[in-house]
$ cat final-v6.tsv   # TSV, C-alpha atoms
chain	number	residue	atom	x	y	z
A	15	ARG	CA	-52.66	13.54	67.92
A	16	ARG	CA	-55.67	11.40	68.68
A	17	VAL	CA	-56.47	7.72	68.38
A	18	SER	CA	-60.05	6.48	68.38
A	19	PHE	CA	-61.36	3.00	69.01
A	20	ARG	CA	-64.89	1.64	69.06
A	21	ALA	CA	-66.67	-1.23	70.71
A	22	ARG	CA	-66.49	-4.45	68.66
A	23	GLU	CA	-70.10	-5.42	69.34
A	24	ARG	CA	-70.52	-7.92	66.50
A	25	GLU	CA	-67.29	-9.68	67.36
A	26	ARG	CA	-68.28	-9.74	71.04
A	27	GLU	CA	-71.66	-11.27	70.19
A	28	GLU	CA	-69.97	-13.98	68.12
A	29	MET	CA	-67.59	-14.74	70.98
A	30	GLU	CA	-70.53	-15.08	73.37
A	31	GLU	CA	-72.35	-17.38	70.94
A	32	VAL	CA	-69.45	-19.84	70.91
A	33	GLY	CA	-68.85	-19.51	74.64
A	34	ILE	CA	-65.78	-17.30	74.52
A	35	GLY	CA	-65.58	-14.42	76.94
A	36	GLY	CA	-68.87	-12.65	77.39
A	37	GLY	CA	-69.47	-9.41	79.20
A	38	GLY	CA	-66.48	-7.97	77.39
A	39	ARG	CA	-65.43	-4.38	77.08
A	40	GLY	CA	-68.37	-2.75	75.40
A	41	GLU	CA	-67.21	0.86	75.21
A	42	GLY	CA	-64.89	2.79	72.98
A	43	GLY	CA	-63.36	6.22	73.05
A	44	VAL	CA	-60.94	8.80	71.78
A	45	VAL	CA	-57.46	8.98	73.24
A	46	GLU	CA	-55.43	12.15	73.21
A	47	THR	CA	-51.99	10.65	72.74
A	48	THR	CA	-49.92	13.87	73.13
A	49	HIS	CA	-47.75	12.74	70.21
A	50	THR	CA	-46.36	15.76	68.39
A	51	ASP	CA	-46.35	14.20	64.91
A	52	ALA	CA	-48.29	11.65	62.86
A	53	VAL	CA	-49.42	8.48	64.66
A	54	HIS	CA	-48.54	5.41	62.57
A	55	ASP	CA	-49.85	2.54	64.67
A	56	ALA	CA	-52.07	1.81	67.67
A	57	GLN	CA	-52.35	-1.64	69.24
A	58	LEU	CA	-54.33	-3.05	72.15
A	59	ASP	CA	-52.72	-5.85	74.11
A	60	TYR	CA	-54.11	-9.39	74.29
A	61	TYR	CA	-56.71	-8.52	76.95
A	62	GLY	CA	-57.51	-5.03	75.69
A	63	LYS	CA	-56.30	-3.47	78.92
A	64	MET	CA	-53.28	-1.63	77.55
A	65	LEU	CA	-52.96	0.53	74.44
A	66	ALA	CA	-49.67	1.35	72.72
A	67	THR	CA	-49.19	4.04	70.07
A	68	CYS	CA	-46.18	5.08	68.00
A	69	SER	CA	-45.38	8.16	65.99
A	70	SER	CA	-43.06	10.08	63.71
A	71	ASP	CA	-42.03	11.99	66.83
A	72	ARG	CA	-39.83	8.92	67.55
A	73	SER	CA	-41.72	7.91	70.68
A	74	ILE	CA	-44.05	5.16	71.88
A	75	SER	CA	-46.83	5.83	74.37
A	76	ILE	CA	-48.49	3.24	76.59
A	77	PHE	CA	-51.90	3.71	78.20
A	78	ASP	CA	-54.03	1.82	80.70
A	79	VAL	CA	-57.53	1.36	79.25
A	80	GLY	CA	-60.46	1.45	81.64
A	81	GLN	CA	-63.72	-0.49	81.46
A	82	ASP	CA	-65.47	2.65	80.23
A	83	GLY	CA	-63.03	3.10	77.34
A	84	SER	CA	-61.02	5.83	79.04
A	85	ALA	CA	-57.25	5.76	78.70
A	86	LYS	CA	-54.60	6.96	81.14
A	87	LYS	CA	-51.03	7.39	79.96
A	88	VAL	CA	-48.55	5.20	81.80
A	89	VAL	CA	-45.25	5.98	80.11
A	90	ASP	CA	-43.53	7.33	77.01
A	91	LEU	CA	-40.83	5.06	75.61
A	92	VAL	CA	-37.99	6.87	73.85
A	93	GLY	CA	-34.85	5.57	72.21
A	94	HIS	CA	-35.58	5.34	68.49
A	95	GLU	CA	-33.77	7.90	66.33
A	96	GLY	CA	-36.38	8.05	63.57
A	97	PRO	CA	-40.13	7.65	63.00
A	98	VAL	CA	-41.56	4.54	64.66
A	99	TRP	CA	-43.66	2.71	62.07
A	100	GLN	CA	-45.14	-0.23	63.94
A	101	ILE	CA	-45.57	-1.82	67.36
A	102	ALA	CA	-46.61	-5.33	68.40
A	103	TRP	CA	-47.57	-6.84	71.76
A	104	GLY	CA	-46.16	-10.22	72.71
A	105	HIS	CA	-48.35	-12.98	74.10
A	106	PRO	CA	-49.16	-12.45	77.81
A	107	LYS	CA	-47.63	-15.81	78.77
A	108	PHE	CA	-44.27	-14.01	78.35
A	109	GLY	CA	-45.27	-11.04	80.50
A	110	SER	CA	-45.76	-7.48	79.25
A	111	VAL	CA	-43.57	-7.33	76.13
A	112	LEU	CA	-43.78	-4.84	73.28
A	113	ALA	CA	-41.74	-4.73	70.06
A	114	SER	CA	-41.20	-1.67	67.85
A	115	CYS	CA	-39.59	-0.96	64.48
A	116	SER	CA	-38.35	2.28	63.00
A	117	TYR	CA	-36.98	4.20	60.08
A	118	ASP	CA	-33.69	4.25	62.05
A	119	ARG	CA	-33.13	0.61	60.91
A	120	THR	CA	-33.58	-0.82	64.40
A	121	VAL	CA	-35.95	-3.21	66.12
A	122	LYS	CA	-36.46	-2.76	69.85
A	123	VAL	CA	-38.05	-5.06	72.40
A	124	TRP	CA	-39.47	-3.37	75.51
A	125	ARG	CA	-40.43	-5.15	78.70
A	126	ARG	CA	-42.19	-4.17	81.90
A	127	GLU	CA	-40.19	-5.34	84.89
A	128	GLN	CA	-42.16	-7.40	87.39
A	129	GLU	CA	-40.37	-5.97	90.42
A	130	ASP	CA	-41.21	-2.28	89.98
A	131	ALA	CA	-43.41	-2.18	86.83
A	132	ARG	CA	-40.82	-0.03	85.01
A	133	TRP	CA	-40.64	-0.26	81.23
A	134	VAL	CA	-37.11	-0.89	79.92
A	135	CYS	CA	-35.57	-1.57	76.53
A	136	HIS	CA	-34.65	-5.24	76.76
A	137	HIS	CA	-32.99	-5.57	73.33
A	138	THR	CA	-32.04	-3.49	70.30
A	139	SER	CA	-31.26	-5.11	66.95
A	140	ARG	CA	-29.32	-3.12	64.36
A	141	LYS	CA	-28.90	-5.82	61.74
A	142	MET	CA	-31.28	-4.43	59.10
A	143	GLY	CA	-29.82	-2.40	56.27
A	144	LEU	CA	-32.70	0.03	55.68
A	145	SER	CA	-35.90	1.21	57.34
A	146	VAL	CA	-37.66	-1.57	59.28
A	147	ASN	CA	-41.29	-1.35	58.15
A	148	SER	CA	-43.07	-4.25	59.81
A	149	ILE	CA	-42.77	-6.63	62.77
A	150	ALA	CA	-44.83	-9.62	63.91
A	151	TRP	CA	-44.62	-12.00	66.86
A	152	ALA	CA	-44.74	-15.71	66.05
A	153	PRO	CA	-47.51	-17.85	67.57
A	154	HIS	CA	-46.73	-18.31	71.25
A	155	GLU	CA	-46.23	-22.06	70.74
A	156	LEU	CA	-42.94	-21.15	69.04
A	157	GLY	CA	-41.65	-19.25	72.04
A	158	LEU	CA	-40.89	-15.54	72.18
A	159	THR	CA	-39.96	-15.18	68.50
A	160	LEU	CA	-40.13	-12.03	66.40
A	161	ALA	CA	-39.93	-11.42	62.65
A	162	ALA	CA	-38.98	-8.04	61.18
A	163	ALA	CA	-39.05	-6.86	57.56
A	164	SER	CA	-37.29	-3.93	55.92
A	165	SER	CA	-37.13	-1.73	52.84
A	166	ASP	CA	-34.20	-3.72	51.43
A	167	GLY	CA	-36.39	-6.81	51.02
A	168	TYR	CA	-34.90	-8.76	53.94
A	169	VAL	CA	-36.56	-10.52	56.86
A	170	MET	CA	-34.87	-11.08	60.21
A	171	ILE	CA	-35.93	-13.66	62.79
A	172	LEU	CA	-34.89	-13.30	66.43
A	173	TYR	CA	-35.91	-15.22	69.54
A	174	LEU	CA	-35.32	-15.16	73.28
A	175	THR	CA	-33.40	-17.93	74.98
A	176	GLY	CA	-32.94	-17.40	78.68
A	177	GLU	CA	-32.25	-13.67	78.91
A	178	THR	CA	-30.43	-13.46	75.57
A	179	TRP	CA	-31.89	-12.47	72.21
A	180	VAL	CA	-30.56	-14.53	69.29
A	181	GLU	CA	-30.80	-13.42	65.66
A	182	SER	CA	-31.37	-16.80	64.06
A	183	ALA	CA	-32.05	-15.89	60.42
A	184	HIS	CA	-31.64	-13.06	57.92
A	185	PHE	CA	-32.90	-13.80	54.43
A	186	ARG	CA	-34.14	-12.01	51.32
A	187	ALA	CA	-37.91	-12.32	50.94
A	188	GLN	CA	-38.82	-9.77	48.24
A	189	SER	CA	-36.98	-8.31	45.26
A	190	VAL	CA	-37.70	-4.82	46.62
A	191	GLY	CA	-39.02	-3.40	49.89
A	192	ILE	CA	-41.30	-5.29	52.27
A	193	THR	CA	-44.31	-3.49	53.68
A	194	SER	CA	-45.81	-6.18	55.93
A	195	LEU	CA	-45.51	-9.71	57.24
A	196	THR	CA	-47.61	-12.24	59.17
A	197	TRP	CA	-47.17	-15.68	60.78
A	198	ARG	CA	-49.39	-18.64	60.04
A	199	PRO	CA	-51.04	-20.17	63.13
A	200	VAL	CA	-49.62	-23.46	64.36
A	201	ALA	CA	-52.52	-24.90	66.36
A	202	PRO	CA	-52.70	-28.74	66.31
A	203	SER	CA	-55.78	-28.75	64.07
A	204	PHE	CA	-53.94	-26.95	61.30
A	205	HIS	CA	-52.03	-28.99	58.71
A	206	SER	CA	-50.75	-27.58	55.45
A	207	SER	CA	-51.23	-29.53	52.27
A	208	HIS	CA	-47.79	-28.39	51.12
A	209	GLN	CA	-45.60	-31.45	51.49
A	210	SER	CA	-42.55	-29.20	51.75
A	211	LEU	CA	-43.97	-27.53	54.88
A	212	GLY	CA	-44.10	-30.76	56.82
A	213	ARG	CA	-46.95	-32.11	58.91
A	214	SER	CA	-45.74	-30.80	62.24
A	215	SER	CA	-48.22	-28.58	64.04
A	216	LEU	CA	-45.26	-26.41	65.02
A	217	SER	CA	-44.08	-25.67	61.49
A	218	ARG	CA	-42.87	-22.10	61.07
A	219	VAL	CA	-44.50	-20.34	58.14
A	220	LEU	CA	-44.79	-16.65	57.37
A	221	ALA	CA	-45.98	-14.45	54.53
A	222	THR	CA	-44.60	-11.11	53.36
A	223	GLY	CA	-46.18	-8.39	51.25
A	224	GLY	CA	-44.00	-6.16	49.14
A	225	CYS	CA	-43.51	-3.27	46.78
A	226	ASP	CA	-43.22	-5.74	43.88
A	227	ASN	CA	-47.02	-6.32	44.14
A	228	THR	CA	-46.58	-9.91	45.35
A	229	ILE	CA	-47.06	-11.97	48.49
A	230	GLN	CA	-44.31	-14.46	49.29
A	231	ILE	CA	-44.84	-17.44	51.59
A	232	PHE	CA	-41.84	-19.00	53.35
A	233	SER	CA	-41.36	-22.05	55.55
A	234	ALA	CA	-38.45	-22.92	57.84
A	235	ASP	CA	-37.01	-26.41	57.65
A	236	GLU	CA	-35.58	-28.39	60.55
A	237	GLU	CA	-32.19	-26.68	60.15
A	238	GLY	CA	-33.79	-23.24	60.40
A	239	THR	CA	-33.37	-22.34	56.73
A	240	TRP	CA	-36.25	-20.35	55.27
A	241	ASN	CA	-37.46	-21.56	51.87
A	242	LEU	CA	-39.91	-19.99	49.44
A	243	VAL	CA	-42.98	-22.19	48.94
A	244	SER	CA	-45.49	-19.90	47.18
A	245	THR	CA	-45.70	-16.60	45.32
A	246	LEU	CA	-49.15	-15.01	45.20
A	247	SER	CA	-49.74	-12.52	42.40
A	248	ARG	CA	-53.03	-10.70	42.03
A	249	HIS	CA	-52.50	-7.16	43.31
A	250	GLU	CA	-51.73	-4.49	40.70
A	251	ASP	CA	-49.82	-2.19	43.06
A	252	TRP	CA	-47.91	-2.42	46.33
A	253	VAL	CA	-49.22	-4.97	48.84
A	254	ARG	CA	-49.80	-2.88	51.96
A	255	ASP	CA	-50.72	-5.55	54.50
A	256	VAL	CA	-51.10	-9.30	54.95
A	257	ALA	CA	-52.80	-11.10	57.83
A	258	TRP	CA	-53.35	-14.80	58.49
A	259	ALA	CA	-56.58	-15.63	60.28
A	260	PRO	CA	-56.34	-17.29	63.71
A	261	ASP	CA	-56.76	-21.04	63.93
A	262	VAL	CA	-60.33	-22.01	64.79
A	263	GLY	CA	-60.19	-25.72	64.02
A	264	LEU	CA	-60.57	-25.53	60.25
A	265	PRO	CA	-58.37	-27.55	57.85
A	266	SER	CA	-56.55	-24.38	56.77
A	267	ALA	CA	-56.28	-20.73	57.74
A	268	PRO	CA	-57.21	-18.04	55.19
A	269	LEU	CA	-54.74	-15.27	54.40
A	270	ALA	CA	-56.02	-11.73	53.86
A	271	SER	CA	-54.17	-9.09	51.83
A	272	CYS	CA	-54.77	-5.50	50.81
A	273	GLY	CA	-52.99	-3.19	48.42
A	274	HIS	CA	-52.40	0.28	47.11
A	275	ASP	CA	-54.63	-0.76	44.22
A	276	GLY	CA	-57.61	-0.66	46.61
A	277	ALA	CA	-58.19	-4.41	46.42
A	278	VAL	CA	-58.75	-6.71	49.39
A	279	TYR	CA	-58.34	-10.46	48.84
A	280	VAL	CA	-58.72	-13.56	50.98
A	281	TRP	CA	-56.53	-16.45	49.88
A	282	ASN	CA	-57.40	-20.08	50.63
A	283	GLU	CA	-55.00	-22.93	50.00
A	284	ARG	CA	-56.06	-25.52	47.46
A	285	GLU	CA	-56.50	-29.11	48.54
A	286	ALA	CA	-53.46	-31.26	47.85
A	287	ASP	CA	-55.17	-33.45	45.26
A	288	LYS	CA	-56.16	-30.39	43.24
A	289	LYS	CA	-52.64	-29.01	42.92
A	290	ASP	CA	-50.18	-29.41	40.14
A	291	LYS	CA	-47.20	-30.76	42.07
A	292	GLU	CA	-44.77	-29.18	39.65
A	293	ARG	CA	-46.25	-25.72	40.18
A	294	GLU	CA	-46.48	-25.52	43.98
A	295	ARG	CA	-44.59	-22.22	44.07
A	296	GLU	CA	-47.03	-20.48	41.79
A	297	SER	CA	-50.02	-18.48	42.89
A	298	ASP	CA	-52.49	-21.13	41.71
A	299	SER	CA	-51.65	-23.13	44.85
A	300	TYR	CA	-53.85	-20.55	46.61
A	301	VAL	CA	-57.29	-19.45	45.48
A	302	PRO	CA	-58.00	-15.71	45.89
A	303	SER	CA	-61.46	-14.31	46.47
A	304	LEU	CA	-62.04	-10.59	46.10
A	305	VAL	CA	-63.58	-9.10	49.23
A	306	HIS	CA	-63.99	-5.59	47.82
A	307	LYS	CA	-62.31	-3.11	45.50
A	308	PHE	CA	-62.05	0.29	47.18
A	309	LYS	CA	-61.54	3.56	45.33
A	310	GLU	CA	-58.54	4.46	47.49
A	311	PRO	CA	-55.51	2.50	48.76
A	312	VAL	CA	-56.19	0.04	51.56
A	313	TRP	CA	-53.68	0.16	54.39
A	314	ARG	CA	-54.56	-2.52	56.92
A	315	VAL	CA	-56.47	-5.79	57.29
A	316	SER	CA	-57.07	-7.54	60.60
A	317	TRP	CA	-59.06	-10.62	61.65
A	318	SER	CA	-61.36	-10.95	64.64
A	319	VAL	CA	-60.31	-13.43	67.32
A	320	THR	CA	-62.88	-15.89	65.98
A	321	GLY	CA	-61.58	-15.57	62.42
A	322	THR	CA	-65.04	-14.75	61.07
A	323	LEU	CA	-64.79	-10.97	60.64
A	324	LEU	CA	-62.22	-9.08	58.60
A	325	ALA	CA	-61.54	-5.45	59.49
A	326	VAL	CA	-60.35	-3.23	56.63
A	327	THR	CA	-58.84	0.26	56.93
A	328	SER	CA	-58.91	2.24	53.70
A	329	GLY	CA	-57.75	5.57	52.33
A	330	GLU	CA	-61.41	6.56	52.18
A	331	ASN	CA	-61.09	7.26	55.93
A	332	THR	CA	-63.26	4.27	56.79
A	333	VAL	CA	-62.89	1.12	58.86
A	334	SER	CA	-65.25	-1.60	57.65
A	335	LEU	CA	-66.05	-5.11	58.87
A	336	TRP	CA	-66.59	-7.89	56.33
A	337	LYS	CA	-68.08	-11.36	56.74
A	338	GLU	CA	-68.13	-14.26	54.30
A	339	ASP	CA	-71.48	-15.70	53.25
A	340	VAL	CA	-70.81	-19.39	53.85
A	341	SER	CA	-74.17	-20.36	52.33
A	342	SER	CA	-73.08	-19.12	48.90
A	343	ASP	CA	-71.67	-21.58	46.35
A	344	SER	CA	-68.85	-19.16	45.53
A	345	PRO	CA	-66.99	-16.89	47.98
A	346	LYS	CA	-69.04	-13.79	48.70
A	347	TRP	CA	-68.19	-11.14	51.25
A	348	THR	CA	-70.61	-8.66	52.79
A	349	CYS	CA	-69.89	-5.45	54.66
A	350	VAL	CA	-71.66	-5.74	58.01
A	351	SER	CA	-70.44	-2.53	59.66
A	352	GLU	CA	-68.56	0.64	58.79
A	353	ILE	CA	-67.03	3.53	60.71
A	354	ASP	CA	-66.62	6.66	58.61
A	355	SER	CA	-64.29	9.25	60.14
A	356	ASN	CA	-65.59	11.83	57.65
A	357	LYS	CA	-68.92	11.90	59.49

$ encode --input "final-v6.tsv" --output "structure tokens"
Amino acid sequence: RRVSFRAREREREEMEEVGIGGGGRGEGGVVETTHTDAVHDAQLDYYGKMLATCSSDRSISIFDVGQDGSAKKVVDLVGHEGPVWQIAWGHPKFGSVLASCSYDRTVKVWRREQEDARWVCHHTSRKMGLSVNSIAWAPHELGLTLAAASSDGYVMILYLTGETWVESAHFRAQSVGITSLTWRPVAPSFHSSHQSLGRSSLSRVLATGGCDNTIQIFSADEEGTWNLVSTLSRHEDWVRDVAWAPDVGLPSAPLASCGHDGAVYVWNEREADKKDKERERESDSYVPSLVHKFKEPVWRVSWSVTGTLLAVTSGENTVSLWKEDVSSDSPKWTCVSEIDSNK
């Protein structure tokens, strides 16, 4: 099984324009993973120097990525007893840490030991009742904290304290299965207009997408209890992915979603003075703008590090990049690049 990745030239140019990076990795390539079944996820680490892949063959592969886009396999991680659906790299301030989730109902956290560079399974959680479909690391300001979502509609939160993993919360987020989840950024410049979320820059907020066609937004209070604050309803079929944009100093961070209905939306939170205080949990607390309606299901959405480009992976076998026209009076999104695997 192969994984391909391309140079993100437009994103690199934007980063150079605002003084971030420059002279980045300008090449892409095709990686022969040696997986013996379908590859479900591929993720580059924070610096783009390591690539992890996971598969229905129950394994995870890790590669070193060279400056020329070449990839050399480092190790295969085995231990899951079912297909591995998703993987996620932790922030580098915590070392080389990788999380994985599987149909076998488990979440695993893998870590590369500093002494001998060996990869070991640092923790296995078996608390979920059904297949674990999605995982996401919290912003690094919240410590090494991981959220996991499963087919029974539950979300689990676990975090590392010392050398011990603590499962701090387990709550129902959707009426049916959850397909995806994402954390809201907590940078100091970001303040939610939801009074119930608090004004702390370290407020913990996440969104889930589910098989009930909705997006649910939750916030944790000071006691660690997760409370529903908004339900977003616009998709006409399963929500396949949700992704909050990184914080770039704006008053709020947009939330992207995509669905089996082929629709891609970007949701922006209304200003506090424009909300009906008695209806804060309803979808009109967020304003959706349609990015595009594809003819096939859309599986993934992902923001660039600058939060200005939205990558969309669709069932049309394309990966497209979309940018908002900020000069327009109403939200308007334009496709600025597309990779078509059919060509």

$ residues_around --input "final-v6.tsv" --residues "Ile74 of chain A" --least-positions-apart "4" --cutoff "6 Å" --atoms "all atoms listed in the file" --output "MDAnalysis selection string"
chainID A and resid 67:68 90:91

$ write_last_selection --input "final-v6.tsv" --atoms "C-alpha atoms" --output "PDB file, keeping the file's coordinate frame"
ATOM      1  CA  THR A  67     -49.190   4.040  70.070  1.00  0.00           C
ATOM      2  CA  CYS A  68     -46.180   5.080  68.000  1.00  0.00           C
ATOM      3  CA  ASP A  90     -43.530   7.330  77.010  1.00  0.00           C
ATOM      4  CA  LEU A  91     -40.830   5.060  75.610  1.00  0.00           C
TER       5      LEU A  91
END

$ residues_around --input "final-v6.tsv" --residues "segment 254-261 of chain A" --least-positions-apart "6" --cutoff "10 Å" --atoms "all atoms listed in the file" --output "PDB file with C-alpha atoms, keeping the file's coordinate frame"
ATOM      1  CA  SER A 148     -43.070  -4.250  59.810  1.00  0.00           C
ATOM      2  CA  PRO A 153     -47.510 -17.850  67.570  1.00  0.00           C
ATOM      3  CA  ILE A 192     -41.300  -5.290  52.270  1.00  0.00           C
ATOM      4  CA  THR A 193     -44.310  -3.490  53.680  1.00  0.00           C
ATOM      5  CA  SER A 194     -45.810  -6.180  55.930  1.00  0.00           C
ATOM      6  CA  LEU A 195     -45.510  -9.710  57.240  1.00  0.00           C
ATOM      7  CA  THR A 196     -47.610 -12.240  59.170  1.00  0.00           C
ATOM      8  CA  TRP A 197     -47.170 -15.680  60.780  1.00  0.00           C
ATOM      9  CA  ARG A 198     -49.390 -18.640  60.040  1.00  0.00           C
ATOM     10  CA  PRO A 199     -51.040 -20.170  63.130  1.00  0.00           C
ATOM     11  CA  VAL A 200     -49.620 -23.460  64.360  1.00  0.00           C
ATOM     12  CA  ALA A 201     -52.520 -24.900  66.360  1.00  0.00           C
ATOM     13  CA  PRO A 202     -52.700 -28.740  66.310  1.00  0.00           C
ATOM     14  CA  SER A 203     -55.780 -28.750  64.070  1.00  0.00           C
ATOM     15  CA  PHE A 204     -53.940 -26.950  61.300  1.00  0.00           C
ATOM     16  CA  LEU A 220     -44.790 -16.650  57.370  1.00  0.00           C
ATOM     17  CA  ALA A 221     -45.980 -14.450  54.530  1.00  0.00           C
ATOM     18  CA  THR A 222     -44.600 -11.110  53.360  1.00  0.00           C
ATOM     19  CA  GLY A 223     -46.180  -8.390  51.250  1.00  0.00           C
ATOM     20  CA  GLY A 224     -44.000  -6.160  49.140  1.00  0.00           C
ATOM     21  CA  CYS A 225     -43.510  -3.270  46.780  1.00  0.00           C
ATOM     22  CA  ASN A 227     -47.020  -6.320  44.140  1.00  0.00           C
ATOM     23  CA  ILE A 229     -47.060 -11.970  48.490  1.00  0.00           C
ATOM     24  CA  ALA A 267     -56.280 -20.730  57.740  1.00  0.00           C
ATOM     25  CA  PRO A 268     -57.210 -18.040  55.190  1.00  0.00           C
ATOM     26  CA  LEU A 269     -54.740 -15.270  54.400  1.00  0.00           C
ATOM     27  CA  ALA A 270     -56.020 -11.730  53.860  1.00  0.00           C
ATOM     28  CA  SER A 271     -54.170  -9.090  51.830  1.00  0.00           C
ATOM     29  CA  CYS A 272     -54.770  -5.500  50.810  1.00  0.00           C
ATOM     30  CA  GLY A 273     -52.990  -3.190  48.420  1.00  0.00           C
ATOM     31  CA  HIS A 274     -52.400   0.280  47.110  1.00  0.00           C
ATOM     32  CA  ASP A 275     -54.630  -0.760  44.220  1.00  0.00           C
ATOM     33  CA  GLY A 276     -57.610  -0.660  46.610  1.00  0.00           C
ATOM     34  CA  VAL A 278     -58.750  -6.710  49.390  1.00  0.00           C
ATOM     35  CA  TYR A 279     -58.340 -10.460  48.840  1.00  0.00           C
ATOM     36  CA  VAL A 280     -58.720 -13.560  50.980  1.00  0.00           C
ATOM     37  CA  TRP A 281     -56.530 -16.450  49.880  1.00  0.00           C
ATOM     38  CA  PRO A 311     -55.510   2.500  48.760  1.00  0.00           C
ATOM     39  CA  VAL A 312     -56.190   0.040  51.560  1.00  0.00           C
ATOM     40  CA  TRP A 313     -53.680   0.160  54.390  1.00  0.00           C
ATOM     41  CA  ARG A 314     -54.560  -2.520  56.920  1.00  0.00           C
ATOM     42  CA  VAL A 315     -56.470  -5.790  57.290  1.00  0.00           C
ATOM     43  CA  SER A 316     -57.070  -7.540  60.600  1.00  0.00           C
ATOM     44  CA  TRP A 317     -59.060 -10.620  61.650  1.00  0.00           C
ATOM     45  CA  SER A 318     -61.360 -10.950  64.640  1.00  0.00           C
ATOM     46  CA  VAL A 319     -60.310 -13.430  67.320  1.00  0.00           C
ATOM     47  CA  THR A 320     -62.880 -15.890  65.980  1.00  0.00           C
ATOM     48  CA  GLY A 321     -61.580 -15.570  62.420  1.00  0.00           C
ATOM     49  CA  THR A 322     -65.040 -14.750  61.070  1.00  0.00           C
ATOM     50  CA  LEU A 323     -64.790 -10.970  60.640  1.00  0.00           C
ATOM     51  CA  LEU A 324     -62.220  -9.080  58.600  1.00  0.00           C
TER      52      LEU A 324
END

$ residues_around --input "final-v6.tsv" --residues "Val305 of chain A" --least-positions-apart "6" --cutoff "9 Å" --atoms "all atoms listed in the file" --output "ChimeraX atom specification"
/A:277-280,336,338,345-348

$ closest_residue --input "final-v6.tsv" --among "A:Phe232, A:His249, A:Ala325, A:Ser266" --to "Leu304 of chain A" --atoms "only C-alpha atoms"
A:His249

$ axis_aligned_box --input "final-v6.tsv" --around "segment 251-255 of chain A" --padding-each-side "3 Å" --output "AutoDock Vina command-line options"
--center_x -49.3 --center_y -3.9 --center_z 48.8 --size_x 8.8 --size_y 9.4 --size_z 17.4

$ residues_around --input "final-v6.tsv" --residues "Leu65 of chain A" --least-positions-apart "2" --cutoff "6 Å" --atoms "all atoms listed in the file" --output "list in words"
Gln57, Leu58, Ile76 and Phe77 of chain A

$ write_last_selection --input "final-v6.tsv" --atoms "C-alpha atoms" --output "PDB file, in the frame of the given file"
ATOM      1  CA  GLN A  57     -52.350  -1.640  69.240  1.00  0.00           C
ATOM      2  CA  LEU A  58     -54.330  -3.050  72.150  1.00  0.00           C
ATOM      3  CA  ILE A  76     -48.490   3.240  76.590  1.00  0.00           C
ATOM      4  CA  PHE A  77     -51.900   3.710  78.200  1.00  0.00           C
TER       5      PHE A  77
END

$ residues_around --input "final-v6.tsv" --residues "Ala183 of chain A" --least-positions-apart "2" --cutoff "10 Å" --atoms "only C-alpha atoms" --output "list in words"
Ala161, Val169, Met170, Ile171, Leu172, Tyr173, Val180, Glu181, Phe185, Ala234, Gly238, Thr239 and Trp240 of chain A

$ atom_distance --input "final-v6.tsv" --atom1 "atom CA of Lys309 of chain A" --atom2 "atom CA of His54 of chain A"
21.7 Å

$ closest_residue --input "final-v6.tsv" --among "A:Gln81, A:Ser344, A:Ser164, A:Lys86" --to "Thr120 of chain A" --atoms "only C-alpha atoms"
A:Ser164

$ closest_residue --input "final-v6.tsv" --among "A:Trp133, A:Val146, A:Ala56, A:Leu160" --to "Gly104 of chain A" --atoms "all atoms listed in the file"
A:Leu160

$ build_atoms --input "final-v6.tsv" --residues "segment 193-200 of chain A" --atoms "N, CA, C and O atoms" --output "tab-separated table (two decimals), in the frame of the given file"
chain	number	residue	atom	x	y	z
A	193	THR	N	-43.43	-4.38	52.95
A	193	THR	CA	-44.31	-3.49	53.68
A	193	THR	C	-44.96	-4.15	54.89
A	193	THR	O	-45.37	-3.47	55.83
A	194	SER	N	-45.07	-5.49	54.88
A	194	SER	CA	-45.81	-6.18	55.93
A	194	SER	C	-45.43	-7.64	55.98
A	194	SER	O	-44.89	-8.20	55.02
A	195	LEU	N	-45.71	-8.27	57.12
A	195	LEU	CA	-45.51	-9.71	57.24
A	195	LEU	C	-46.44	-10.26	58.31
A	195	LEU	O	-46.92	-9.53	59.19
A	196	THR	N	-46.70	-11.58	58.25
A	196	THR	CA	-47.61	-12.24	59.17
A	196	THR	C	-47.22	-13.70	59.32
A	196	THR	O	-46.70	-14.31	58.38
A	197	TRP	N	-47.46	-14.27	60.51
A	197	TRP	CA	-47.17	-15.68	60.78
A	197	TRP	C	-48.43	-16.51	60.61
A	197	TRP	O	-49.51	-16.07	60.98
A	198	ARG	N	-48.27	-17.71	60.10
A	198	ARG	CA	-49.39	-18.64	60.04
A	198	ARG	C	-49.57	-19.29	61.41
A	198	ARG	O	-48.59	-19.58	62.10
A	199	PRO	N	-50.82	-19.51	61.84
A	199	PRO	CA	-51.04	-20.17	63.13
A	199	PRO	C	-50.52	-21.60	63.11
A	199	PRO	O	-50.41	-22.22	62.06
A	200	VAL	N	-50.20	-22.12	64.29
A	200	VAL	CA	-49.62	-23.46	64.36
A	200	VAL	C	-50.41	-24.36	65.30
A	200	VAL	O	-49.88	-25.29	65.88
